[in-house]
Amino acid sequence: MHKSFIPVSPDSHFPIQNLPFGVFKHINTKGKAHIGTAIGEFILDLTYLSDNNFFSVLIPDKEIFRSGNLNSFMSLDKEIRKNFREKLKVLLDENNPVIRDDKKLREKCLYLQKDCEMILPVKIGDYTDFYSSREHATNVGIMFRGKENALMPNWLHLPVGYHGRASSVIISGTKVKRPKGQTKADTEEYPKFGESKLLDFELEMGYFISSGNKLGTNIKVDDALEKVFGLTIVNDWSARDIQKWEYQPLGPFLAKNFATSVSPWIVTLDALEPFKKSNVEQSPEPLPYLKPKNNFTYDIILEVYIKTKKLDIPYLICKSNFKYLYWSIQQQIAHHTITGCNLQTGDLLASGTISGIEPDSFGSMLELTWRGEKPLKLPSGEERKFLQDGDTVIMTAYCQGDGYRIGFGSVESEILPAV
Ligand code: MN
């Protein structure tokens, strides 16, 4: 198995097979955001290496690494990005002395992750959120409309989604203030204004668009993955009581626009290639524009933990998998653009809450506690129906290979009280 000169434990998310991209600051970068890749417990500073001509053949434009975000890099031709990752593999190879044996160089281009601050890696133009887990849509449908009408008539024919809010997408570690808004109890005649009492997380994966399509054209379902730079973990925070009152007939609005958290590392499709698998069989058959020759997904293990002020160790409350989704990334992109809508470099598209069949695989508190009817019992003796102030939600994701993992790190955020 390919190894780096940097020691990487088998359960590390960042072996030499992964090499995800992110943006960070370190005391040595003097306040500037640099582009890096994660390797074991370290970050390799790609901006520094670019400035020192390590990539001048492959990517001569040094500004690409100095811009403080990944957008210019993402928009490079797919082959260039692929070759660039191969170049990084060579530089980090256990038998390559160039960085390994140069102590001065190592001090300038390798930093411990714990000494770095991660920055939102992409300037996000637009954010779209889908609703592509059949189990999630069914669970929510049963709770809101009853068993008979659980799935809406359109659900099996198209990937349902809505246009979200890009300005409030935040990096892991940023605290989330409990939102206020209008809510109305079924027993009341009029709505009230106040803090949301049913604050929830949604376990999702998101993907960033590398290069999009011109307005008036569409991306064909078989070309869609060419447009994807890589994946990240997404926590799509939701205020269920605000959502319940506002959502008809146009869908979620304020219930979702106050925060959406993403993990700092973007894992490329090249790194995920060994974990591809066939998508679930779809019946009824989708319309031709939604039917790829090969409809596939990825086997990515997903976990959600909760940490309260009284819990010392985060407690596992959900174990799901990206492969449980019904609609694939290809189908989401083909559907999004079929009208001629233009996707652009840096757009974020998210999967929707990823729930499985088993009750411990449900990807939101709404489902895990069945709208609060079955509170979660925590080892601290506490109970949770929805999230409380001071709670921290931690989501992690990884693909399990033979003796190594391709991981995404985590997205973690604490809930602050409303003010
Ligand atoms: Mn969502």
# chains A, B, ... in the order shown; residues from 1 in each chain; ligands from 1
call {"tool": "residues_near_ligand", "arguments": {"ligand": "ligand 1", "cutoff": "7 Å", "atoms": "only C-alpha atoms and all ligand atoms", "output": "NGL selection string"}}
result
:A and (129-131 or 202 or 236 or 352-353)
call {"tool": "write_last_selection", "arguments": {"atoms": "N, CA and C atoms", "output": "JSON list (two decimals), in the first residue's frame"}}
result
[["chain", "number", "residue", "atom", "x", "y", "z"],
["A", 129, "ASP", "N", -30.38, 22.96, -1.70],
["A", 129, "ASP", "CA", -30.52, 21.79, -0.84],
["A", 129, "ASP", "C", -31.58, 20.86, -1.41],
["A", 130, "PHE", "N", -31.20, 19.60, -1.60],
["A", 130, "PHE", "CA", -32.15, 18.60, -2.10],
["A", 130, "PHE", "C", -32.84, 17.89, -0.92],
["A", 131, "TYR", "N", -33.58, 16.87, -1.27],
["A", 131, "TYR", "CA", -34.44, 16.17, -0.30],
["A", 131, "TYR", "C", -34.49, 14.72, -0.78],
["A", 202, "GLU", "N", -29.54, 18.56, 10.48],
["A", 202, "GLU", "CA", -29.80, 17.62, 9.39],
["A", 202, "GLU", "C", -28.47, 17.09, 8.90],
["A", 236, "ASP", "N", -27.29, 20.93, 7.95],
["A", 236, "ASP", "CA", -28.28, 21.91, 7.51],
["A", 236, "ASP", "C", -29.25, 22.19, 8.66],
["A", 352, "GLY", "N", -29.64, 16.71, 1.05],
["A", 352, "GLY", "CA", -30.83, 16.48, 1.89],
["A", 352, "GLY", "C", -30.44, 15.51, 3.00],
["A", 353, "THR", "N", -31.24, 15.52, 4.05],
["A", 353, "THR", "CA", -30.99, 14.67, 5.22],
["A", 353, "THR", "C", -30.87, 13.21, 4.80]]
call {"tool": "select_by_dssp", "arguments": {"residues": "segment 207-261 of chain A", "states": "helix (DSSP H, G or I)", "output": "PyMOL selection string"}}
result
chain A and resi 224-227+240-246
call {"tool": "write_last_selection", "arguments": {"atoms": "all heavy atoms", "output": "mmCIF file, in the first residue's frame"}}
result
data_model
loop_
_atom_site.group_PDB
_atom_site.id
_atom_site.type_symbol
_atom_site.label_atom_id
_atom_site.label_comp_id
_atom_site.auth_asym_id
_atom_site.auth_seq_id
_atom_site.Cartn_x
_atom_site.Cartn_y
_atom_site.Cartn_z
ATOM 1 N N ALA A 224 -22.507 14.896 -15.630
ATOM 2 C CA ALA A 224 -22.668 15.696 -14.406
ATOM 3 C C ALA A 224 -21.467 15.594 -13.460
ATOM 4 O O ALA A 224 -21.052 16.595 -12.873
ATOM 5 C CB ALA A 224 -23.945 15.283 -13.678
ATOM 6 N N LEU A 225 -20.896 14.407 -13.314
ATOM 7 C CA LEU A 225 -19.812 14.262 -12.335
ATOM 8 C C LEU A 225 -18.542 14.989 -12.761
ATOM 9 O O LEU A 225 -17.682 15.284 -11.928
ATOM 10 C CB LEU A 225 -19.525 12.789 -12.065
ATOM 11 C CG LEU A 225 -20.617 12.087 -11.248
ATOM 12 C CD1 LEU A 225 -20.278 10.627 -11.042
ATOM 13 C CD2 LEU A 225 -20.842 12.767 -9.903
ATOM 14 N N GLU A 226 -18.434 15.286 -14.068
ATOM 15 C CA GLU A 226 -17.302 16.094 -14.553
ATOM 16 C C GLU A 226 -17.323 17.480 -13.917
ATOM 17 O O GLU A 226 -16.321 18.188 -13.922
ATOM 18 C CB GLU A 226 -17.398 16.271 -16.074
ATOM 19 C CG GLU A 226 -17.397 14.971 -16.857
ATOM 20 C CD GLU A 226 -16.033 14.322 -16.856
ATOM 21 O OE1 GLU A 226 -15.050 15.057 -17.035
ATOM 22 O OE2 GLU A 226 -15.964 13.098 -16.646
ATOM 23 N N LYS A 227 -18.485 17.894 -13.438
ATOM 24 C CA LYS A 227 -18.652 19.249 -12.910
ATOM 25 C C LYS A 227 -18.491 19.319 -11.399
ATOM 26 O O LYS A 227 -18.721 20.363 -10.793
ATOM 27 C CB LYS A 227 -20.058 19.773 -13.278
ATOM 28 C CG LYS A 227 -20.371 19.720 -14.758
ATOM 29 C CD LYS A 227 -19.545 20.730 -15.514
ATOM 30 C CE LYS A 227 -19.942 20.815 -16.978
ATOM 31 N NZ LYS A 227 -19.075 21.769 -17.695
ATOM 32 N N ARG A 240 -37.641 23.510 13.406
ATOM 33 C CA ARG A 240 -38.831 22.756 12.969
ATOM 34 C C ARG A 240 -40.139 23.480 13.241
ATOM 35 O O ARG A 240 -41.102 23.331 12.471
ATOM 36 C CB ARG A 240 -38.867 21.386 13.667
ATOM 37 C CG ARG A 240 -37.679 20.494 13.397
ATOM 38 C CD ARG A 240 -37.538 20.166 11.929
ATOM 39 N NE ARG A 240 -36.380 19.325 11.693
ATOM 40 C CZ ARG A 240 -35.869 19.097 10.484
ATOM 41 N NH1 ARG A 240 -36.415 19.661 9.414
ATOM 42 N NH2 ARG A 240 -34.824 18.323 10.344
ATOM 43 N N ASP A 241 -40.212 24.238 14.337
ATOM 44 C CA ASP A 241 -41.475 24.919 14.655
ATOM 45 C C ASP A 241 -41.704 26.092 13.692
ATOM 46 O O ASP A 241 -42.837 26.346 13.275
ATOM 47 C CB ASP A 241 -41.531 25.358 16.130
ATOM 48 C CG ASP A 241 -40.209 25.902 16.665
ATOM 49 O OD1 ASP A 241 -39.230 25.984 15.886
ATOM 50 O OD2 ASP A 241 -40.148 26.250 17.855
ATOM 51 N N ILE A 242 -40.616 26.787 13.327
ATOM 52 C CA ILE A 242 -40.744 27.873 12.338
ATOM 53 C C ILE A 242 -41.118 27.265 10.978
ATOM 54 O O ILE A 242 -41.997 27.757 10.272
ATOM 55 C CB ILE A 242 -39.419 28.668 12.244
ATOM 56 C CG1 ILE A 242 -39.137 29.375 13.581
ATOM 57 C CG2 ILE A 242 -39.465 29.674 11.089
ATOM 58 C CD1 ILE A 242 -37.779 30.067 13.659
ATOM 59 N N GLN A 243 -40.455 26.157 10.640
ATOM 60 C CA GLN A 243 -40.699 25.478 9.364
ATOM 61 C C GLN A 243 -42.163 25.049 9.225
ATOM 62 O O GLN A 243 -42.780 25.242 8.190
ATOM 63 C CB GLN A 243 -39.782 24.247 9.281
ATOM 64 C CG GLN A 243 -39.828 23.507 7.947
ATOM 65 C CD GLN A 243 -38.847 22.324 7.917
ATOM 66 O OE1 GLN A 243 -38.113 22.087 8.874
ATOM 67 N NE2 GLN A 243 -38.842 21.597 6.814
ATOM 68 N N LYS A 244 -42.711 24.496 10.284
ATOM 69 C CA LYS A 244 -44.066 23.944 10.226
ATOM 70 C C LYS A 244 -45.093 25.028 9.885
ATOM 71 O O LYS A 244 -46.054 24.785 9.158
ATOM 72 C CB LYS A 244 -44.400 23.296 11.570
ATOM 73 C CG LYS A 244 -45.710 22.546 11.551
ATOM 74 C CD LYS A 244 -45.939 21.779 12.838
ATOM 75 C CE LYS A 244 -47.262 21.036 12.759
ATOM 76 N NZ LYS A 244 -48.203 21.415 13.799
ATOM 77 N N TRP A 245 -44.874 26.228 10.407
ATOM 78 C CA TRP A 245 -45.832 27.323 10.210
ATOM 79 C C TRP A 245 -45.629 28.021 8.870
ATOM 80 O O TRP A 245 -46.568 28.479 8.240
ATOM 81 C CB TRP A 245 -45.699 28.291 11.394
ATOM 82 C CG TRP A 245 -46.444 29.607 11.326
ATOM 83 C CD1 TRP A 245 -45.919 30.839 11.539
ATOM 84 C CD2 TRP A 245 -47.834 29.820 11.065
ATOM 85 N NE1 TRP A 245 -46.880 31.801 11.422
ATOM 86 C CE2 TRP A 245 -48.076 31.206 11.125
ATOM 87 C CE3 TRP A 245 -48.914 28.968 10.767
ATOM 88 C CZ2 TRP A 245 -49.330 31.773 10.908
ATOM 89 C CZ3 TRP A 245 -50.167 29.530 10.547
ATOM 90 C CH2 TRP A 245 -50.371 30.914 10.624
ATOM 91 N N GLU A 246 -44.379 28.106 8.395
ATOM 92 C CA GLU A 246 -44.099 28.950 7.226
ATOM 93 C C GLU A 246 -44.066 28.188 5.893
ATOM 94 O O GLU A 246 -44.124 28.817 4.849
ATOM 95 C CB GLU A 246 -42.733 29.634 7.396
ATOM 96 C CG GLU A 246 -41.563 28.664 7.172
ATOM 97 C CD GLU A 246 -40.186 29.327 7.126
ATOM 98 O OE1 GLU A 246 -40.089 30.557 7.277
ATOM 99 O OE2 GLU A 246 -39.214 28.587 6.956
#
call {"tool": "closest_atom_pairs", "arguments": {"of": "segment 363-389 of chain A", "to": "segment 291-312 of chain A", "cutoff": "12 Å", "atoms": "only C-alpha atoms", "output": "CSV"}}
result
residue,atom,partner,partner_atom,distance
A:Gly363,CA,A:Val304,CA,7.9
A:Ser364,CA,A:Val304,CA,9.2
A:Met365,CA,A:Val304,CA,10.5
A:Leu368,CA,A:Val304,CA,11.3
A:Leu376,CA,A:Ile306,CA,10.6
A:Lys377,CA,A:Ile306,CA,11.4
A:Leu378,CA,A:Leu311,CA,8.3
A:Pro379,CA,A:Leu311,CA,7.5
A:Ser380,CA,A:Leu311,CA,5.8
A:Gly381,CA,A:Lys310,CA,9.0
A:Glu382,CA,A:Lys310,CA,8.3
A:Glu383,CA,A:Thr308,CA,10.5
A:Arg384,CA,A:Ile306,CA,10.0
A:Phe386,CA,A:Ile306,CA,11.1
A:Leu387,CA,A:Ile306,CA,9.2
A:Gln388,CA,A:Thr308,CA,8.5
A:Asp389,CA,A:Thr308,CA,8.8
call {"tool": "closest_atom_pairs", "arguments": {"of": "segment 256-329 of chain A", "to": "segment 110-120 of chain A", "cutoff": "10 Å", "atoms": "only C-alpha atoms", "output": "tab-separated table"}}
result
residue	atom	partner	partner_atom	distance
A:Ser261	CA	A:Leu120	CA	9.7
A:Val262	CA	A:Leu120	CA	8.1
A:Ser263	CA	A:Leu120	CA	8.6
A:Pro264	CA	A:Met118	CA	6.3
A:Trp265	CA	A:Met118	CA	8.9
call {"tool": "write_last_selection", "arguments": {"atoms": "N, CA, C and O atoms", "output": "mmCIF file, in the first residue's frame"}}
result
data_model
loop_
_atom_site.group_PDB
_atom_site.id
_atom_site.type_symbol
_atom_site.label_atom_id
_atom_site.label_comp_id
_atom_site.auth_asym_id
_atom_site.auth_seq_id
_atom_site.Cartn_x
_atom_site.Cartn_y
_atom_site.Cartn_z
ATOM 1 N N SER A 261 -23.737 24.539 8.326
ATOM 2 C CA SER A 261 -22.319 24.316 8.655
ATOM 3 C C SER A 261 -21.691 23.286 7.723
ATOM 4 O O SER A 261 -22.323 22.279 7.384
ATOM 5 N N VAL A 262 -20.440 23.556 7.312
ATOM 6 C CA VAL A 262 -19.720 22.591 6.462
ATOM 7 C C VAL A 262 -18.381 22.227 7.109
ATOM 8 O O VAL A 262 -17.790 23.025 7.839
ATOM 9 N N SER A 263 -17.911 21.019 6.792
ATOM 10 C CA SER A 263 -16.595 20.571 7.261
ATOM 11 C C SER A 263 -15.516 21.233 6.410
ATOM 12 O O SER A 263 -15.761 21.599 5.263
ATOM 13 N N PRO A 264 -14.301 21.415 6.955
ATOM 14 C CA PRO A 264 -13.297 22.237 6.267
ATOM 15 C C PRO A 264 -12.602 21.581 5.078
ATOM 16 O O PRO A 264 -12.073 22.299 4.229
ATOM 17 N N TRP A 265 -12.581 20.259 5.002
ATOM 18 C CA TRP A 265 -11.821 19.602 3.930
ATOM 19 C C TRP A 265 -12.740 19.115 2.819
ATOM 20 O O TRP A 265 -13.759 18.486 3.092
#
call {"tool": "residues_around", "arguments": {"residues": "Pro179 of chain A", "least_positions_apart": "6", "cutoff": "9 Å", "atoms": "only C-alpha atoms", "output": "VMD selection string"}}
result
chain A and resid 194 to 196 199 239 254 to 255 258 417 to 419
call {"tool": "write_last_selection", "arguments": {"atoms": "C-alpha atoms", "output": "compact mmCIF listing (two decimals), in the first residue's frame"}}
result
# COMPACT_ATOMS: atom_id res chain seq x y z
CA GLY A 194 -40.10 34.03 20.05
CA GLU A 195 -37.11 31.73 20.05
CA SER A 196 -37.34 28.43 18.21
CA LEU A 199 -33.97 23.40 16.86
CA ALA A 239 -35.96 25.24 13.16
CA LEU A 254 -36.44 31.29 7.63
CA ALA A 255 -36.42 27.83 9.20
CA PHE A 258 -29.80 31.26 9.72
CA PRO A 417 -28.82 30.97 23.29
CA ALA A 418 -31.08 33.31 21.33
CA VAL A 419 -30.62 36.98 22.26
call {"tool": "select_by_dssp", "arguments": {"residues": "segment 233-263 of chain A", "states": "strand (DSSP E)", "output": "MDAnalysis selection string"}}
result
chainID A and resid 233:235 238:239 260:262
call {"tool": "write_last_selection", "arguments": {"atoms": "C-alpha atoms", "output": "PDB file, in the first residue's frame"}}
result
ATOM      1  CA  ILE A 233     -20.093  17.109   5.339  1.00  0.00           C
ATOM      2  CA  VAL A 234     -23.055  19.467   5.736  1.00  0.00           C
ATOM      3  CA  ASN A 235     -25.171  20.186   8.814  1.00  0.00           C
ATOM      4  CA  SER A 238     -33.431  23.554  10.873  1.00  0.00           C
ATOM      5  CA  ALA A 239     -35.960  25.244  13.165  1.00  0.00           C
ATOM      6  CA  THR A 260     -25.589  25.830   7.389  1.00  0.00           C
ATOM      7  CA  SER A 261     -22.319  24.316   8.655  1.00  0.00           C
ATOM      8  CA  VAL A 262     -19.720  22.591   6.462  1.00  0.00           C
TER       9      VAL A 262
END
call {"tool": "decode", "arguments": {"residues": "segment 144-158 of chain A", "atoms": "all heavy atoms", "output": "mmCIF file, in the first residue's frame"}}
result
data_model
loop_
_atom_site.group_PDB
_atom_site.id
_atom_site.type_symbol
_atom_site.label_atom_id
_atom_site.label_comp_id
_atom_site.auth_asym_id
_atom_site.auth_seq_id
_atom_site.Cartn_x
_atom_site.Cartn_y
_atom_site.Cartn_z
ATOM 1 N N PHE A 144 -46.025 14.661 9.269
ATOM 2 C CA PHE A 144 -46.770 15.882 8.923
ATOM 3 C C PHE A 144 -48.111 15.592 8.240
ATOM 4 O O PHE A 144 -49.026 16.387 8.346
ATOM 5 C CB PHE A 144 -45.914 16.793 8.023
ATOM 6 C CG PHE A 144 -44.863 17.567 8.778
ATOM 7 C CD1 PHE A 144 -43.751 16.935 9.325
ATOM 8 C CD2 PHE A 144 -44.994 18.943 8.972
ATOM 9 C CE1 PHE A 144 -42.795 17.648 10.035
ATOM 10 C CE2 PHE A 144 -44.042 19.661 9.679
ATOM 11 C CZ PHE A 144 -42.941 19.007 10.217
ATOM 12 N N ARG A 145 -48.207 14.442 7.525
ATOM 13 C CA ARG A 145 -49.422 14.229 6.721
ATOM 14 C C ARG A 145 -50.076 12.862 6.940
ATOM 15 O O ARG A 145 -51.105 12.578 6.348
ATOM 16 C CB ARG A 145 -49.096 14.382 5.222
ATOM 17 C CG ARG A 145 -48.822 15.801 4.776
ATOM 18 C CD ARG A 145 -48.559 15.858 3.283
ATOM 19 N NE ARG A 145 -47.371 15.082 2.944
ATOM 20 C CZ ARG A 145 -46.123 15.571 3.012
ATOM 21 N NH1 ARG A 145 -45.920 16.816 3.358
ATOM 22 N NH2 ARG A 145 -45.092 14.818 2.725
ATOM 23 N N GLY A 146 -49.441 12.005 7.713
ATOM 24 C CA GLY A 146 -49.993 10.671 7.921
ATOM 25 C C GLY A 146 -49.427 9.654 6.937
ATOM 26 O O GLY A 146 -48.878 10.015 5.892
ATOM 27 N N LYS A 147 -49.562 8.376 7.280
ATOM 28 C CA LYS A 147 -48.928 7.287 6.541
ATOM 29 C C LYS A 147 -49.382 7.189 5.083
ATOM 30 O O LYS A 147 -48.594 6.895 4.188
ATOM 31 C CB LYS A 147 -49.209 5.957 7.266
ATOM 32 C CG LYS A 147 -47.986 5.069 7.301
ATOM 33 C CD LYS A 147 -48.135 3.893 8.250
ATOM 34 C CE LYS A 147 -46.777 3.238 8.400
ATOM 35 N NZ LYS A 147 -46.546 2.563 9.645
ATOM 36 N N GLU A 148 -50.664 7.456 4.852
ATOM 37 C CA GLU A 148 -51.226 7.278 3.506
ATOM 38 C C GLU A 148 -50.608 8.253 2.496
ATOM 39 O O GLU A 148 -50.413 7.907 1.333
ATOM 40 C CB GLU A 148 -52.749 7.491 3.533
ATOM 41 C CG GLU A 148 -53.482 6.623 4.539
ATOM 42 C CD GLU A 148 -53.133 5.155 4.402
ATOM 43 O OE1 GLU A 148 -53.222 4.628 3.272
ATOM 44 O OE2 GLU A 148 -52.744 4.531 5.422
ATOM 45 N N ASN A 149 -50.307 9.477 2.969
ATOM 46 C CA ASN A 149 -49.802 10.517 2.068
ATOM 47 C C ASN A 149 -48.344 10.857 2.350
ATOM 48 O O ASN A 149 -47.910 11.982 2.130
ATOM 49 C CB ASN A 149 -50.641 11.789 2.221
ATOM 50 C CG ASN A 149 -52.116 11.494 2.100
ATOM 51 O OD1 ASN A 149 -52.553 10.943 1.101
ATOM 52 N ND2 ASN A 149 -52.882 11.812 3.134
ATOM 53 N N ALA A 150 -47.583 9.876 2.829
ATOM 54 C CA ALA A 150 -46.219 10.171 3.296
ATOM 55 C C ALA A 150 -45.359 10.778 2.184
ATOM 56 O O ALA A 150 -44.832 11.874 2.330
ATOM 57 C CB ALA A 150 -45.582 8.913 3.855
ATOM 58 N N LEU A 151 -45.226 10.061 1.067
ATOM 59 C CA LEU A 151 -44.448 10.605 -0.053
ATOM 60 C C LEU A 151 -45.374 11.412 -0.949
ATOM 61 O O LEU A 151 -46.421 10.933 -1.360
ATOM 62 C CB LEU A 151 -43.833 9.471 -0.884
ATOM 63 C CG LEU A 151 -42.485 8.884 -0.456
ATOM 64 C CD1 LEU A 151 -41.970 7.964 -1.557
ATOM 65 C CD2 LEU A 151 -41.439 9.939 -0.120
ATOM 66 N N MET A 152 -44.959 12.650 -1.279
ATOM 67 C CA MET A 152 -45.749 13.458 -2.210
ATOM 68 C C MET A 152 -45.707 12.789 -3.592
ATOM 69 O O MET A 152 -44.764 12.072 -3.913
ATOM 70 C CB MET A 152 -45.169 14.870 -2.302
ATOM 71 C CG MET A 152 -45.234 15.647 -1.003
ATOM 72 S SD MET A 152 -46.911 16.013 -0.499
ATOM 73 C CE MET A 152 -46.970 17.757 -0.813
ATOM 74 N N PRO A 153 -46.746 13.045 -4.436
ATOM 75 C CA PRO A 153 -46.833 12.334 -5.726
ATOM 76 C C PRO A 153 -45.626 12.572 -6.638
ATOM 77 O O PRO A 153 -45.310 11.739 -7.483
ATOM 78 C CB PRO A 153 -48.095 12.913 -6.371
ATOM 79 C CG PRO A 153 -48.810 13.654 -5.306
ATOM 80 C CD PRO A 153 -47.866 13.931 -4.190
ATOM 81 N N ASN A 154 -44.929 13.716 -6.474
ATOM 82 C CA ASN A 154 -43.795 14.007 -7.360
ATOM 83 C C ASN A 154 -42.496 13.309 -6.938
ATOM 84 O O ASN A 154 -41.553 13.221 -7.711
ATOM 85 C CB ASN A 154 -43.552 15.530 -7.402
ATOM 86 C CG ASN A 154 -43.269 16.131 -6.018
ATOM 87 O OD1 ASN A 154 -43.168 15.414 -5.026
ATOM 88 N ND2 ASN A 154 -43.143 17.450 -5.966
ATOM 89 N N TRP A 155 -42.434 12.831 -5.683
ATOM 90 C CA TRP A 155 -41.146 12.509 -5.073
ATOM 91 C C TRP A 155 -40.358 11.430 -5.835
ATOM 92 O O TRP A 155 -39.141 11.522 -5.984
ATOM 93 C CB TRP A 155 -41.322 12.094 -3.595
ATOM 94 C CG TRP A 155 -40.029 12.257 -2.844
ATOM 95 C CD1 TRP A 155 -39.611 13.343 -2.157
ATOM 96 C CD2 TRP A 155 -38.951 11.313 -2.781
ATOM 97 N NE1 TRP A 155 -38.341 13.145 -1.655
ATOM 98 C CE2 TRP A 155 -37.918 11.908 -2.033
ATOM 99 C CE3 TRP A 155 -38.749 10.027 -3.294
ATOM 100 C CZ2 TRP A 155 -36.704 11.265 -1.768
ATOM 101 C CZ3 TRP A 155 -37.543 9.389 -3.044
ATOM 102 C CH2 TRP A 155 -36.531 10.007 -2.280
ATOM 103 N N LEU A 156 -41.037 10.408 -6.331
ATOM 104 C CA LEU A 156 -40.327 9.322 -7.019
ATOM 105 C C LEU A 156 -40.021 9.669 -8.481
ATOM 106 O O LEU A 156 -39.402 8.879 -9.196
ATOM 107 C CB LEU A 156 -41.147 8.026 -6.946
ATOM 108 C CG LEU A 156 -41.229 7.384 -5.557
ATOM 109 C CD1 LEU A 156 -42.278 6.272 -5.537
ATOM 110 C CD2 LEU A 156 -39.879 6.833 -5.109
ATOM 111 N N HIS A 157 -40.440 10.858 -8.924
ATOM 112 C CA HIS A 157 -40.228 11.243 -10.322
ATOM 113 C C HIS A 157 -39.164 12.310 -10.500
ATOM 114 O O HIS A 157 -38.657 12.499 -11.602
ATOM 115 C CB HIS A 157 -41.548 11.726 -10.941
ATOM 116 C CG HIS A 157 -42.580 10.638 -10.997
ATOM 117 N ND1 HIS A 157 -42.612 9.696 -11.999
ATOM 118 C CD2 HIS A 157 -43.576 10.317 -10.136
ATOM 119 C CE1 HIS A 157 -43.603 8.841 -11.766
ATOM 120 N NE2 HIS A 157 -44.202 9.203 -10.645
ATOM 121 N N LEU A 158 -38.853 13.036 -9.447
ATOM 122 C CA LEU A 158 -37.826 14.084 -9.565
ATOM 123 C C LEU A 158 -37.162 14.330 -8.213
ATOM 124 O O LEU A 158 -37.772 14.128 -7.165
ATOM 125 C CB LEU A 158 -38.437 15.379 -10.123
ATOM 126 C CG LEU A 158 -39.647 16.014 -9.432
ATOM 127 C CD1 LEU A 158 -39.219 16.924 -8.287
ATOM 128 C CD2 LEU A 158 -40.444 16.833 -10.453
#
